[in-house]
Structures are given as C-alpha cells and as structure tokens.
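Participant: One file is attached below, final30.txt, containing compact mmCIF, C-alpha atoms.
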```
# COMPACT_ATOMS: atom_id res chain seq x y z
CA MET H 1 -16.89 -3.27 -25.85
CA SER H 2 -14.90 -4.33 -28.92
CA ASP H 3 -12.82 -7.50 -28.59
CA ARG H 4 -9.74 -5.63 -29.75
CA ARG H 5 -10.19 -2.98 -27.08
CA THR H 6 -10.59 -5.67 -24.37
CA GLU H 7 -7.53 -7.49 -25.67
CA ILE H 8 -5.47 -4.30 -25.40
CA LEU H 9 -6.66 -3.71 -21.81
CA ARG H 10 -5.86 -7.28 -20.88
CA ALA H 11 -2.37 -6.84 -22.35
CA ALA H 12 -1.90 -3.51 -20.53
CA THR H 13 -2.73 -5.20 -17.21
CA ARG H 14 -0.17 -7.94 -17.96
CA VAL H 15 2.52 -5.43 -18.87
CA ILE H 16 1.86 -3.30 -15.73
CA ALA H 17 1.91 -6.42 -13.51
CA ARG H 18 5.18 -7.55 -15.09
CA ARG H 19 7.15 -4.31 -15.33
CA GLY H 20 5.17 -1.61 -13.54
CA VAL H 21 3.28 1.43 -14.79
CA ARG H 22 6.53 3.19 -15.56
CA GLY H 23 7.56 0.22 -17.71
CA LEU H 24 4.47 0.61 -19.92
CA ARG H 25 5.42 1.86 -23.37
CA VAL H 26 2.83 2.07 -26.14
CA GLY H 27 5.11 0.21 -28.57
CA GLU H 28 5.57 -2.68 -26.15
CA LEU H 29 1.86 -2.76 -25.41
CA ALA H 30 1.11 -2.96 -29.13
CA SER H 31 3.35 -5.98 -29.58
CA GLU H 32 2.03 -7.63 -26.38
CA ALA H 33 -1.55 -7.18 -27.65
CA GLY H 34 -0.68 -8.06 -31.25
CA VAL H 35 -2.08 -4.80 -32.63
CA SER H 36 -0.68 -1.63 -34.19
CA THR H 37 0.19 1.43 -32.09
CA SER H 38 -2.27 3.44 -34.19
CA LEU H 39 -5.12 1.15 -33.11
CA ILE H 40 -4.13 1.80 -29.50
CA TYR H 41 -4.21 5.56 -30.06
CA TYR H 42 -7.54 5.17 -31.88
CA HIS H 43 -9.12 3.49 -28.83
CA PHE H 44 -7.38 5.33 -25.99
CA THR H 45 -6.10 8.66 -27.40
CA ASP H 46 -2.94 8.72 -25.24
CA ARG H 47 -0.99 6.96 -22.49
CA ALA H 48 -3.14 8.61 -19.78
CA GLY H 49 -6.23 7.20 -21.52
CA ILE H 50 -4.71 3.71 -21.51
CA LEU H 51 -3.96 3.94 -17.78
CA ARG H 52 -7.41 5.28 -16.89
CA GLN H 53 -9.23 2.57 -18.78
CA THR H 54 -6.89 -0.15 -17.50
CA LEU H 55 -7.78 0.96 -13.97
CA GLU H 56 -11.46 0.47 -14.79
CA PHE H 57 -10.75 -2.88 -16.44
CA ILE H 58 -8.90 -4.07 -13.31
CA SER H 59 -11.74 -2.96 -11.00
CA ASP H 60 -14.33 -4.72 -13.18
CA ARG H 61 -12.27 -7.88 -13.27
CA ALA H 62 -11.93 -7.87 -9.47
CA ASP H 63 -15.72 -7.41 -9.21
CA ARG H 64 -16.12 -10.49 -11.34
CA TYR H 65 -13.73 -12.86 -9.60
CA THR H 66 -14.82 -11.82 -6.12
CA ALA H 67 -18.43 -12.59 -7.10
CA GLU H 68 -17.67 -16.11 -8.34
CA ARG H 69 -19.56 -18.83 -6.56
CA ASP H 70 -19.56 -22.57 -6.84
CA PRO H 71 -22.77 -23.30 -8.81
CA GLY H 72 -23.73 -26.12 -6.41
CA ALA H 73 -23.18 -24.00 -3.28
CA GLN H 74 -25.93 -22.95 -0.88
CA PRO H 75 -26.98 -19.29 -1.09
CA ALA H 76 -24.55 -17.54 1.26
CA ASP H 77 -25.49 -15.48 4.29
CA PRO H 78 -24.48 -11.79 4.15
CA ARG H 79 -21.45 -12.24 6.41
CA SER H 80 -20.03 -15.05 4.25
CA ASP H 81 -20.67 -12.90 1.19
CA LEU H 82 -18.65 -10.09 2.72
CA GLU H 83 -15.81 -12.40 3.73
CA GLN H 84 -15.73 -13.96 0.29
CA VAL H 85 -15.62 -10.64 -1.56
CA LEU H 86 -12.67 -9.44 0.55
CA LEU H 87 -10.75 -12.72 0.90
CA LEU H 88 -10.93 -13.55 -2.81
CA GLU H 89 -8.56 -10.59 -3.32
CA LEU H 90 -5.94 -12.60 -1.41
CA GLN H 91 -5.60 -15.69 -3.58
CA ASP H 92 -2.50 -17.09 -5.24
CA THR H 93 -3.96 -17.54 -8.71
CA PRO H 94 -2.32 -15.96 -11.78
CA GLU H 95 -5.36 -13.72 -12.40
CA VAL H 96 -5.65 -12.37 -8.84
CA ARG H 97 -1.90 -11.95 -8.47
CA GLU H 98 -1.74 -10.07 -11.77
CA ASN H 99 -4.76 -7.93 -10.94
CA SER H 100 -3.55 -7.09 -7.42
CA THR H 101 -0.05 -6.30 -8.63
CA ALA H 102 -1.41 -3.96 -11.31
CA TRP H 103 -3.82 -2.26 -8.87
CA GLY H 104 -1.05 -1.72 -6.29
CA GLU H 105 1.21 -0.36 -9.02
CA LEU H 106 -1.44 2.12 -10.22
CA ARG H 107 -1.96 3.18 -6.59
CA ALA H 108 1.79 3.68 -6.06
CA SER H 109 2.17 5.52 -9.38
CA ALA H 110 -0.59 7.97 -8.52
CA VAL H 111 1.64 9.28 -5.72
CA PHE H 112 3.93 10.57 -8.50
CA ASP H 113 1.43 11.08 -11.32
CA PRO H 114 -1.42 13.51 -10.52
CA ASP H 115 -3.23 12.54 -13.77
CA LEU H 116 -4.16 9.18 -12.29
CA ARG H 117 -5.53 10.48 -9.00
CA GLU H 118 -9.09 11.40 -9.85
CA ASP H 119 -9.89 8.07 -11.52
CA LEU H 120 -8.19 6.16 -8.74
CA ALA H 121 -10.18 8.07 -6.09
CA LYS H 122 -13.37 7.26 -8.03
CA ALA H 123 -12.53 3.54 -8.25
CA THR H 124 -11.67 3.55 -4.53
CA HIS H 125 -15.01 5.17 -3.64
CA THR H 126 -16.92 2.62 -5.72
CA TRP H 127 -15.13 -0.21 -3.94
CA VAL H 128 -15.72 1.31 -0.48
CA HIS H 129 -19.44 1.75 -1.24
CA GLU H 130 -19.77 -1.88 -2.34
CA ILE H 131 -18.16 -3.12 0.87
CA ALA H 132 -20.23 -0.70 3.00
CA GLU H 133 -23.36 -2.11 1.41
CA LEU H 134 -22.33 -5.68 2.25
CA LEU H 135 -21.54 -4.58 5.81
CA GLY H 136 -25.02 -3.05 6.02
CA ARG H 137 -26.59 -6.32 4.97
CA ALA H 138 -24.45 -8.33 7.40
CA HIS H 139 -25.19 -5.92 10.26
CA PRO H 140 -28.42 -4.03 9.53
CA MET H 141 -28.60 -2.53 13.04
CA GLY H 142 -25.45 -0.46 12.46
CA THR H 143 -25.45 3.07 11.05
CA ALA H 144 -24.47 4.00 7.49
CA PRO H 145 -21.50 6.17 8.56
CA ALA H 146 -20.20 3.33 10.76
CA HIS H 147 -20.49 0.91 7.82
CA ALA H 148 -18.71 3.38 5.55
CA ALA H 149 -15.84 3.86 8.04
CA SER H 150 -15.54 0.07 8.49
CA ALA H 151 -15.45 -0.34 4.70
CA GLU H 152 -12.69 2.25 4.40
CA ARG H 153 -10.63 0.50 7.09
CA LEU H 154 -11.17 -2.99 5.65
CA THR H 155 -10.29 -2.01 2.08
CA ALA H 156 -7.24 0.05 3.16
CA LEU H 157 -6.11 -2.88 5.33
CA LEU H 158 -6.60 -5.22 2.37
CA GLU H 159 -4.46 -2.97 0.17
CA GLY H 160 -1.77 -2.87 2.87
CA LEU H 161 -1.84 -6.66 3.36
CA SER H 162 -1.88 -7.31 -0.38
CA VAL H 163 1.26 -5.31 -1.10
CA ARG H 164 3.01 -6.92 1.90
CA TRP H 165 2.13 -10.33 0.47
CA LEU H 166 3.24 -9.40 -3.06
CA SER H 167 6.48 -7.84 -1.78
CA GLY H 168 7.38 -10.93 0.25
CA SER H 169 6.84 -9.50 3.76
CA LEU H 170 3.77 -11.59 4.72
CA PRO H 171 2.73 -15.18 3.88
CA LEU H 172 -0.62 -15.33 2.09
CA GLU H 173 -2.39 -17.57 4.63
CA HIS H 174 -1.40 -15.26 7.44
CA ALA H 175 -2.65 -12.22 5.52
CA ARG H 176 -6.01 -14.00 5.05
CA ARG H 177 -6.27 -14.73 8.76
CA LEU H 178 -5.47 -11.13 9.73
CA LEU H 179 -8.15 -9.91 7.33
CA THR H 180 -10.74 -12.44 8.54
CA ASP H 181 -10.19 -11.30 12.13
CA ALA H 182 -10.50 -7.65 11.10
CA ILE H 183 -13.84 -8.39 9.39
CA GLY H 184 -15.06 -10.05 12.59
CA ALA H 185 -13.99 -7.05 14.67
CA GLU H 186 -15.69 -4.55 12.34
CA LEU H 187 -18.94 -6.54 12.37
CA HIS H 188 -18.76 -6.85 16.14
CA ARG H 189 -18.69 -3.10 16.66
CA ALA H 190 -20.55 -1.87 13.57
CA MET S 1 28.24 7.14 10.53
CA SER S 2 30.23 9.54 8.35
CA ASP S 3 28.55 12.86 7.50
CA ARG S 4 29.11 12.22 3.81
CA ARG S 5 27.38 8.85 4.00
CA THR S 6 24.42 10.38 5.84
CA GLU S 7 24.22 13.19 3.30
CA ILE S 8 24.09 10.66 0.46
CA LEU S 9 21.29 8.70 2.19
CA ARG S 10 19.34 11.89 2.80
CA ALA S 11 19.71 12.76 -0.89
CA ALA S 12 18.67 9.23 -1.95
CA THR S 13 15.49 9.56 0.12
CA ARG S 14 14.71 12.90 -1.54
CA VAL S 15 15.29 11.50 -5.03
CA ILE S 16 13.11 8.42 -4.35
CA ALA S 17 10.33 10.59 -2.89
CA ARG S 18 10.50 12.90 -5.92
CA ARG S 19 10.87 10.45 -8.81
CA GLY S 20 10.46 6.94 -7.41
CA VAL S 21 12.91 4.09 -6.92
CA ARG S 22 13.01 3.47 -10.66
CA GLY S 23 13.98 7.12 -11.17
CA LEU S 24 17.06 6.74 -8.95
CA ARG S 25 20.24 6.90 -11.04
CA VAL S 26 23.64 6.98 -9.36
CA GLY S 27 24.71 10.00 -11.45
CA GLU S 28 21.67 11.99 -10.39
CA LEU S 29 22.13 10.95 -6.77
CA ALA S 30 25.73 12.14 -6.89
CA SER S 31 24.74 15.59 -8.12
CA GLU S 32 21.83 15.78 -5.62
CA ALA S 33 24.23 14.92 -2.77
CA GLY S 34 27.07 17.09 -4.14
CA VAL S 35 29.55 14.19 -4.18
CA SER S 36 31.27 12.09 -6.84
CA THR S 37 29.78 8.82 -8.11
CA SER S 38 32.96 7.06 -6.98
CA LEU S 39 32.34 8.17 -3.38
CA ILE S 40 28.84 6.66 -3.66
CA TYR S 41 30.27 3.35 -4.89
CA TYR S 42 32.90 3.49 -2.13
CA HIS S 43 30.18 3.72 0.56
CA PHE S 44 27.46 1.53 -0.97
CA THR S 45 29.14 -0.80 -3.53
CA ASP S 46 26.19 -0.77 -5.95
CA ARG S 47 22.63 0.44 -6.55
CA ALA S 48 21.21 -2.43 -4.45
CA GLY S 49 23.44 -1.32 -1.56
CA ILE S 50 22.14 2.25 -1.85
CA LEU S 51 18.52 1.03 -1.75
CA ARG S 52 19.10 -1.27 1.22
CA GLN S 53 20.78 1.39 3.30
CA THR S 54 18.24 4.03 2.31
CA LEU S 55 15.52 1.70 3.60
CA GLU S 56 17.32 1.54 6.94
CA PHE S 57 17.83 5.31 6.96
CA ILE S 58 14.09 5.85 6.36
CA SER S 59 13.13 3.44 9.17
CA ASP S 60 15.52 5.12 11.60
CA ARG S 61 14.22 8.56 10.67
CA ALA S 62 10.62 7.43 11.24
CA ASP S 63 11.67 6.05 14.65
CA ARG S 64 13.03 9.46 15.49
CA TYR S 65 10.11 11.64 14.42
CA THR S 66 7.50 9.33 15.93
CA ALA S 67 9.36 9.50 19.28
CA GLU S 68 9.44 13.32 19.40
CA ARG S 69 7.75 14.81 22.39
CA ASP S 70 7.12 18.35 23.50
CA PRO S 71 9.77 18.88 26.24
CA GLY S 72 7.18 20.48 28.55
CA ALA S 73 4.66 17.66 28.10
CA GLN S 74 3.55 15.29 30.86
CA PRO S 75 4.93 11.75 30.66
CA ALA S 76 2.44 9.97 28.42
CA ASP S 77 0.42 6.90 29.34
CA PRO S 78 1.10 3.79 27.21
CA ARG S 79 -2.03 4.22 25.07
CA SER S 80 -1.15 7.81 24.15
CA ASP S 81 2.37 6.63 23.36
CA LEU S 82 0.99 4.04 20.97
CA GLU S 83 -1.36 6.53 19.31
CA GLN S 84 1.40 9.05 18.94
CA VAL S 85 3.85 6.61 17.36
CA LEU S 86 1.27 5.54 14.76
CA LEU S 87 -0.43 8.89 14.10
CA LEU S 88 2.85 10.77 13.66
CA GLU S 89 3.27 8.76 10.44
CA LEU S 90 0.22 10.63 9.10
CA GLN S 91 1.40 14.24 9.26
CA ASP S 92 1.61 16.76 6.46
CA THR S 93 5.16 17.94 7.13
CA PRO S 94 7.83 17.84 4.41
CA GLU S 95 9.88 15.28 6.36
CA VAL S 96 7.02 12.84 7.03
CA ARG S 97 5.58 13.22 3.54
CA GLU S 98 9.02 12.56 2.01
CA ASN S 99 9.72 9.62 4.31
CA SER S 100 6.30 8.02 3.77
CA THR S 101 6.49 8.49 0.01
CA ALA S 102 9.93 6.86 -0.10
CA TRP S 103 8.83 3.97 2.16
CA GLY S 104 5.72 3.31 0.04
CA GLU S 105 7.83 3.45 -3.09
CA LEU S 106 10.35 0.92 -1.73
CA ARG S 107 7.43 -1.31 -0.72
CA ALA S 108 5.88 -1.06 -4.22
CA SER S 109 9.24 -1.63 -5.93
CA ALA S 110 9.89 -4.80 -3.95
CA VAL S 111 6.92 -6.37 -5.76
CA PHE S 112 9.06 -6.16 -8.92
CA ASP S 113 12.56 -6.31 -7.44
CA PRO S 114 13.29 -9.46 -5.38
CA ASP S 115 16.62 -7.96 -4.18
CA LEU S 116 14.75 -5.55 -1.93
CA ARG S 117 12.47 -8.09 -0.30
CA GLU S 118 14.59 -9.51 2.49
CA ASP S 119 15.58 -6.12 3.87
CA LEU S 120 12.05 -4.84 3.56
CA ALA S 121 10.69 -7.88 5.42
CA LYS S 122 13.28 -7.28 8.14
CA ALA S 123 12.35 -3.59 8.49
CA THR S 124 8.66 -4.56 8.57
CA HIS S 125 9.27 -7.12 11.34
CA THR S 126 11.19 -4.58 13.42
CA TRP S 127 8.33 -2.11 13.09
CA VAL S 128 5.69 -4.74 13.95
CA HIS S 129 7.65 -5.77 17.06
CA GLU S 130 7.92 -2.17 18.26
CA ILE S 131 4.17 -1.66 17.90
CA ALA S 132 3.43 -5.04 19.53
CA GLU S 133 5.55 -3.97 22.50
CA LEU S 134 3.61 -0.71 22.87
CA LEU S 135 0.34 -2.67 22.63
CA GLY S 136 1.61 -4.95 25.39
CA ARG S 137 2.29 -1.97 27.64
CA ALA S 138 -1.10 -0.40 26.85
CA HIS S 139 -2.93 -3.67 27.44
CA PRO S 140 -0.80 -5.95 29.66
CA MET S 141 -3.60 -8.49 30.16
CA GLY S 142 -3.56 -9.46 26.47
CA THR S 143 -1.44 -12.28 25.03
CA ALA S 144 1.73 -11.77 23.02
CA PRO S 145 0.32 -13.42 19.84
CA ALA S 146 -2.77 -11.18 20.06
CA HIS S 147 -0.56 -8.10 20.40
CA ALA S 148 1.56 -9.25 17.46
CA ALA S 149 -1.51 -9.79 15.24
CA SER S 150 -2.91 -6.38 16.26
CA ALA S 151 0.44 -4.79 15.44
CA GLU S 152 0.46 -6.44 12.01
CA ARG S 153 -3.05 -5.18 11.29
CA LEU S 154 -2.39 -1.65 12.54
CA THR S 155 0.85 -1.22 10.60
CA ALA S 156 -0.62 -2.75 7.40
CA LEU S 157 -3.65 -0.47 7.77
CA LEU S 158 -1.33 2.50 8.28
CA GLU S 159 0.56 1.62 5.08
CA GLY S 160 -2.75 1.32 3.21
CA LEU S 161 -4.07 4.63 4.57
CA SER S 162 -0.76 6.39 3.95
CA VAL S 163 -0.62 5.51 0.24
CA ARG S 164 -4.30 6.47 -0.15
CA TRP S 165 -3.52 9.84 1.39
CA LEU S 166 -0.40 10.36 -0.74
CA SER S 167 -2.23 9.27 -3.92
CA GLY S 168 -5.12 11.70 -3.29
CA SER S 169 -7.83 9.16 -2.43
CA LEU S 170 -8.23 10.05 1.26
CA PRO S 171 -7.98 13.37 3.16
CA LEU S 172 -5.32 13.29 5.88
CA GLU S 173 -7.62 14.15 8.79
CA HIS S 174 -9.98 11.37 7.83
CA ALA S 175 -7.11 8.88 7.57
CA ARG S 176 -6.04 9.88 11.10
CA ARG S 177 -9.54 9.33 12.45
CA LEU S 178 -9.82 5.90 10.80
CA LEU S 179 -6.48 4.89 12.33
CA THR S 180 -7.39 6.24 15.79
CA ASP S 181 -10.61 4.20 15.76
CA ALA S 182 -8.70 1.10 14.66
CA ILE S 183 -6.25 1.53 17.56
CA GLY S 184 -9.22 1.76 19.95
CA ALA S 185 -10.76 -1.40 18.50
CA GLU S 186 -7.49 -3.37 18.74
CA LEU S 187 -7.00 -2.31 22.38
CA HIS S 188 -10.58 -3.16 23.17
CA ARG S 189 -10.20 -6.75 22.06
CA ALA S 190 -6.46 -7.37 22.67
```
The structure in this file should be written as structure tokens.
Facilitator:
Amino acid sequence: MSDRRTEILRAATRVIARRGVRGLRVGELASEAGVSTSLIYYHFTDRAGILRQTLEFISDRADRYTAERDPGAQPADPRSDLEQVLLLELQDTPEVRENSTAWGELRASAVFDPDLREDLAKATHTWVHEIAELLGRAHPMGTAPAHAASAERLTALLEGLSVRWLSGSLPLEHARRLLTDAIGAELHRA
Amino acid sequence: MSDRRTEILRAATRVIARRGVRGLRVGELASEAGVSTSLIYYHFTDRAGILRQTLEFISDRADRYTAERDPGAQPADPRSDLEQVLLLELQDTPEVRENSTAWGELRASAVFDPDLREDLAKATHTWVHEIAELLGRAHPMGTAPAHAASAERLTALLEGLSVRWLSGSLPLEHARRLLTDAIGAELHRA
C-alpha cells in the first residue's frame, strides 16, 4: 500500500471521528492529509470509495491493536486471548477512541446510506468469524453454530456498549465489566 | 400536551428517521409539521430543545408499543412480559422502524454533540430500570445488582442488534432469536 494512500485513510478516520461521516468533504480531507483532491480521486475514485476503504482501514487497525501483546508476557490461554481481543476495543486511548468513534459512525451512517451496507456487512461477518474461532478454541466441546451465535451476541453487545460509552451513558470501567461477564456467560453455555 | 406540540414532535421523529439528526433543520421541520417556525421556537426555544423533547417523545412511544397486548390474550407471566417488551423493539413495522432509527441516530449524534448526552443518559437509565424491574419479577430470587447488570447488557445488546438490523448487517428474525437466547441466559444466571 502506498504511504500516501495510507496517510489519506488515516486522515479520513480522523475526520470521521471528529465530525462524522456526513462531515467528510473531499476538500477538507485533502487539507487534513496534506495532499491534493486529485490525488484522493486518483486513489479512491469517489466519496463512496473513500468510505469503503476507510472502513477496511479501521477494521485492520482494530485487528492490530487487539492483537498487541506485551513482549515479555506468557503465551496466553485461549480464554484470555478472547477476553483481550474484545476488551481492547474498550480502552480510553486516542487510537481506540478514534477507531471506535469512526466505526460507530460508519455503522450509524449505513442506516441512511445503502451504498455502505454491503461492505459493512462484510466487515461485520469477518469480525464475527474471528471471534467465533476464538470461542471455538476456548471451548472446543461446543458446536460451531453455538460459537457463531455467541460471537454475534458478543460483538453486537460490544458495539452497543461502545456507543454508550462514547455518548456518555456508561463509564468505561463498567462497560468492561459488563462485557467480561457476558464473555463468561457465553463460554459457560457454549 | 398540546396537539400542536405533539404534531411537531411526531414530525421531528420522522425527519430524524429519514435524514438523521444532522439533517434536521427548523425550517424543514416546520413544513413537515405544517406549522410556522415561530410556533416551533415558542414550544421548544431552540434546536437543542427540539432534540431533547423528541428523545422523550421517542422513549414514551416505545413504552407504549412495547406494552401493547392483544385484548383477548391471557394475562402474561413475568418472563413473557419481559420478552415481549424487548422483542417488540425488533419489529418491521413503520412505527418501530422509525422510532428505532431515530433513537439510534440520537445515540450516534450524542458522540459528537455533548448537549444531548445528559438527556440520553437519563432516558437510558429509565429504560434500564424498567427492564431490571421486569427481570426482578421474572426471577425474584436474584439480587437487584444482578438484575441491573442483566438489564444493562440486554438493552445494550438490543441497541447493537437494532442498528445492525437497520444498517443491513443482520436479518430481523435472526436478531430476534439472538435476543431471545440472551434473555434466557440472563434469567438462567440472574
């Protein structure tokens, strides 16, 4: 991926997290990224292309920061892995807050903008499959459909908790505790 | 409540569900409601006042349609009551779709608009308390904090499932099944 293209996607995520999807104008994005509007059109064709690829950029970034591990740490057991991957989405760091805000905004915008729906559904499926796989490793005696349903519930709950946190209806530590208990309950019955 | 005021709130909900909170202009609301902009300012003072009272209108309307019962039906047991109140938020009727879209949009907007947060947190608390009370009736041997935590999880999950449904990432019937299973799991452990 070219550095310029990545820089534009990083800037698009910042702009969406600051002013929302509907606040994203190509001219503003160009000045935020320090590039020309024609370079943006060269890489992304149109506004829909920017949004689609920003969605992918946000998913990839979340994959990266939820996989981070202290280099000195013991290899984790599958349950801790699962907890880490989900709980690292509820962290008050600038990167996670920005990423979660932009993801929630793309989700909310897709209610009004049918163009976003297919890519969002794809990104959601990818996420659900990753979590289902971790659930399968943490609870190998369960069935695949039960793991998939648990993964759908846990990720939808995480989205619900995340937007409550970001909109000031739920303190972060409490959101983390609610999610931890939900993980325990899903593993218990899986 | 004056009929004119109610008519304006009904129109504000329609406009938010159609174009989003950021698409709500007082001039457009006036023509949607068939009233003058000065009447809107008389009732609501400013745009923030419109949004606050629309939030309340939406909550009250959800209270009403989730309490509807077939007049010939048997009195329900507490668990069916709980299931009904939650599952009636996932119905493909124009009223529920409009109400859920507007609620999700107010939730998403509060991430960017601090003015909305206090009223949204209040409406969320009221909802959580109602569900916690129903959980207490369905499972009287549980503790109040356990019921409250279950109510927070179930309502956050419902918000997450609802926006996935409305954004085209989850079929409605599947969302209903995921929520039904989550209610069962919360009652099982409460």
Participant: Taking into account all atoms listed in the file, which residue in the set H:Glu152, H:Gly168, H:Ala73, H:Ala11 is nearest to Thr54 of chain H?
Facilitator: H:Ala11
Participant: With distances taken over only C-alpha atoms, which residue among S:Leu87, S:Leu187, S:Leu172, S:Leu116 lies nearest Gly142 of chain S?
Facilitator: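 Comparing S:Leu87, S:Leu187, S:Leu172, S:Leu116 against Gly142 of chain S, the winner is S:Leu187.
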Participant: Residues of chain H within 10 Å of chain S, using all atoms listed in the file, as an mmCIF file with C-alpha atoms, keeping the file's coordinate frame?
Facilitator:
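The new file out.cif reads:
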```
data_model
loop_
_atom_site.group_PDB
_atom_site.id
_atom_site.type_symbol
_atom_site.label_atom_id
_atom_site.label_comp_id
_atom_site.auth_asym_id
_atom_site.auth_seq_id
_atom_site.Cartn_x
_atom_site.Cartn_y
_atom_site.Cartn_z
ATOM 1 C CA ALA H 17 1.910 -6.420 -13.510
ATOM 2 C CA ARG H 18 5.180 -7.550 -15.090
ATOM 3 C CA ARG H 19 7.150 -4.310 -15.330
ATOM 4 C CA GLY H 20 5.170 -1.610 -13.540
ATOM 5 C CA ARG H 22 6.530 3.190 -15.560
ATOM 6 C CA GLY H 23 7.560 0.220 -17.710
ATOM 7 C CA THR H 101 -0.050 -6.300 -8.630
ATOM 8 C CA GLY H 104 -1.050 -1.720 -6.290
ATOM 9 C CA GLU H 105 1.210 -0.360 -9.020
ATOM 10 C CA LEU H 106 -1.440 2.120 -10.220
ATOM 11 C CA ARG H 107 -1.960 3.180 -6.590
ATOM 12 C CA ALA H 108 1.790 3.680 -6.060
ATOM 13 C CA SER H 109 2.170 5.520 -9.380
ATOM 14 C CA ALA H 110 -0.590 7.970 -8.520
ATOM 15 C CA VAL H 111 1.640 9.280 -5.720
ATOM 16 C CA PHE H 112 3.930 10.570 -8.500
ATOM 17 C CA ASP H 113 1.430 11.080 -11.320
ATOM 18 C CA PRO H 114 -1.420 13.510 -10.520
ATOM 19 C CA LEU H 116 -4.160 9.180 -12.290
ATOM 20 C CA ARG H 117 -5.530 10.480 -9.000
ATOM 21 C CA GLU H 118 -9.090 11.400 -9.850
ATOM 22 C CA ASP H 119 -9.890 8.070 -11.520
ATOM 23 C CA LEU H 120 -8.190 6.160 -8.740
ATOM 24 C CA ALA H 121 -10.180 8.070 -6.090
ATOM 25 C CA LYS H 122 -13.370 7.260 -8.030
ATOM 26 C CA ALA H 123 -12.530 3.540 -8.250
ATOM 27 C CA THR H 124 -11.670 3.550 -4.530
ATOM 28 C CA HIS H 125 -15.010 5.170 -3.640
ATOM 29 C CA ALA H 149 -15.840 3.860 8.040
ATOM 30 C CA SER H 150 -15.540 0.070 8.490
ATOM 31 C CA GLU H 152 -12.690 2.250 4.400
ATOM 32 C CA ARG H 153 -10.630 0.500 7.090
ATOM 33 C CA LEU H 154 -11.170 -2.990 5.650
ATOM 34 C CA THR H 155 -10.290 -2.010 2.080
ATOM 35 C CA ALA H 156 -7.240 0.050 3.160
ATOM 36 C CA LEU H 157 -6.110 -2.880 5.330
ATOM 37 C CA LEU H 158 -6.600 -5.220 2.370
ATOM 38 C CA GLU H 159 -4.460 -2.970 0.170
ATOM 39 C CA GLY H 160 -1.770 -2.870 2.870
ATOM 40 C CA LEU H 161 -1.840 -6.660 3.360
ATOM 41 C CA SER H 162 -1.880 -7.310 -0.380
ATOM 42 C CA VAL H 163 1.260 -5.310 -1.100
ATOM 43 C CA ARG H 164 3.010 -6.920 1.900
ATOM 44 C CA TRP H 165 2.130 -10.330 0.470
ATOM 45 C CA LEU H 166 3.240 -9.400 -3.060
ATOM 46 C CA SER H 167 6.480 -7.840 -1.780
ATOM 47 C CA GLY H 168 7.380 -10.930 0.250
ATOM 48 C CA SER H 169 6.840 -9.500 3.760
ATOM 49 C CA LEU H 170 3.770 -11.590 4.720
ATOM 50 C CA HIS H 174 -1.400 -15.260 7.440
ATOM 51 C CA ALA H 175 -2.650 -12.220 5.520
ATOM 52 C CA ARG H 177 -6.270 -14.730 8.760
ATOM 53 C CA LEU H 178 -5.470 -11.130 9.730
ATOM 54 C CA LEU H 179 -8.150 -9.910 7.330
ATOM 55 C CA ASP H 181 -10.190 -11.300 12.130
ATOM 56 C CA ALA H 182 -10.500 -7.650 11.100
ATOM 57 C CA ALA H 185 -13.990 -7.050 14.670
ATOM 58 C CA GLU H 186 -15.690 -4.550 12.340
ATOM 59 C CA HIS H 188 -18.760 -6.850 16.140
ATOM 60 C CA ARG H 189 -18.690 -3.100 16.660
#
```
Participant: Which distance in Å separates atom CA of Thr180 of chain S and atom CA of Gly72 of chain S, to one decimal?
Facilitator: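 Atom-to-atom, atom CA of Thr180 of chain S and atom CA of Gly72 of chain S are spaced 24.0 Å apart.
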Participant: So that I can see what lies close to Val96 of chain S, please list as number ranges by chain the residues with an atom at most 10 Å from it, counting only C-alpha atoms and leaving out residues fewer than 5 positions away in the same chain.
Facilitator: S: 58, 61-62, 65-66, 88-91, 101-102
Participant: Can you write just those residues out, C-alpha atoms, as a PDB file, in the frame of the given file?
Facilitator:
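And here is the file that came out, again.pdb:
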```
ATOM      1  CA  ILE S  58      14.090   5.850   6.360  1.00  0.00           C
ATOM      2  CA  ARG S  61      14.220   8.560  10.670  1.00  0.00           C
ATOM      3  CA  ALA S  62      10.620   7.430  11.240  1.00  0.00           C
ATOM      4  CA  TYR S  65      10.110  11.640  14.420  1.00  0.00           C
ATOM      5  CA  THR S  66       7.500   9.330  15.930  1.00  0.00           C
ATOM      6  CA  LEU S  88       2.850  10.770  13.660  1.00  0.00           C
ATOM      7  CA  GLU S  89       3.270   8.760  10.440  1.00  0.00           C
ATOM      8  CA  LEU S  90       0.220  10.630   9.100  1.00  0.00           C
ATOM      9  CA  GLN S  91       1.400  14.240   9.260  1.00  0.00           C
ATOM     10  CA  THR S 101       6.490   8.490   0.010  1.00  0.00           C
ATOM     11  CA  ALA S 102       9.930   6.860  -0.100  1.00  0.00           C
TER      12      ALA S 102
END
```
Participant: What is the distance, in Å and to one decimal place, between atom CA of Arg137 of chain S and atom CA of Ser80 of chain S?
Facilitator: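 Computing it gives 10.9 Å between the two atoms.
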Participant: Please, what distance in Å, to one decimal, runs between atom CA of Thr37 of chain H and atom CA of Arg4 of chain H?
Facilitator: 12.4 Å
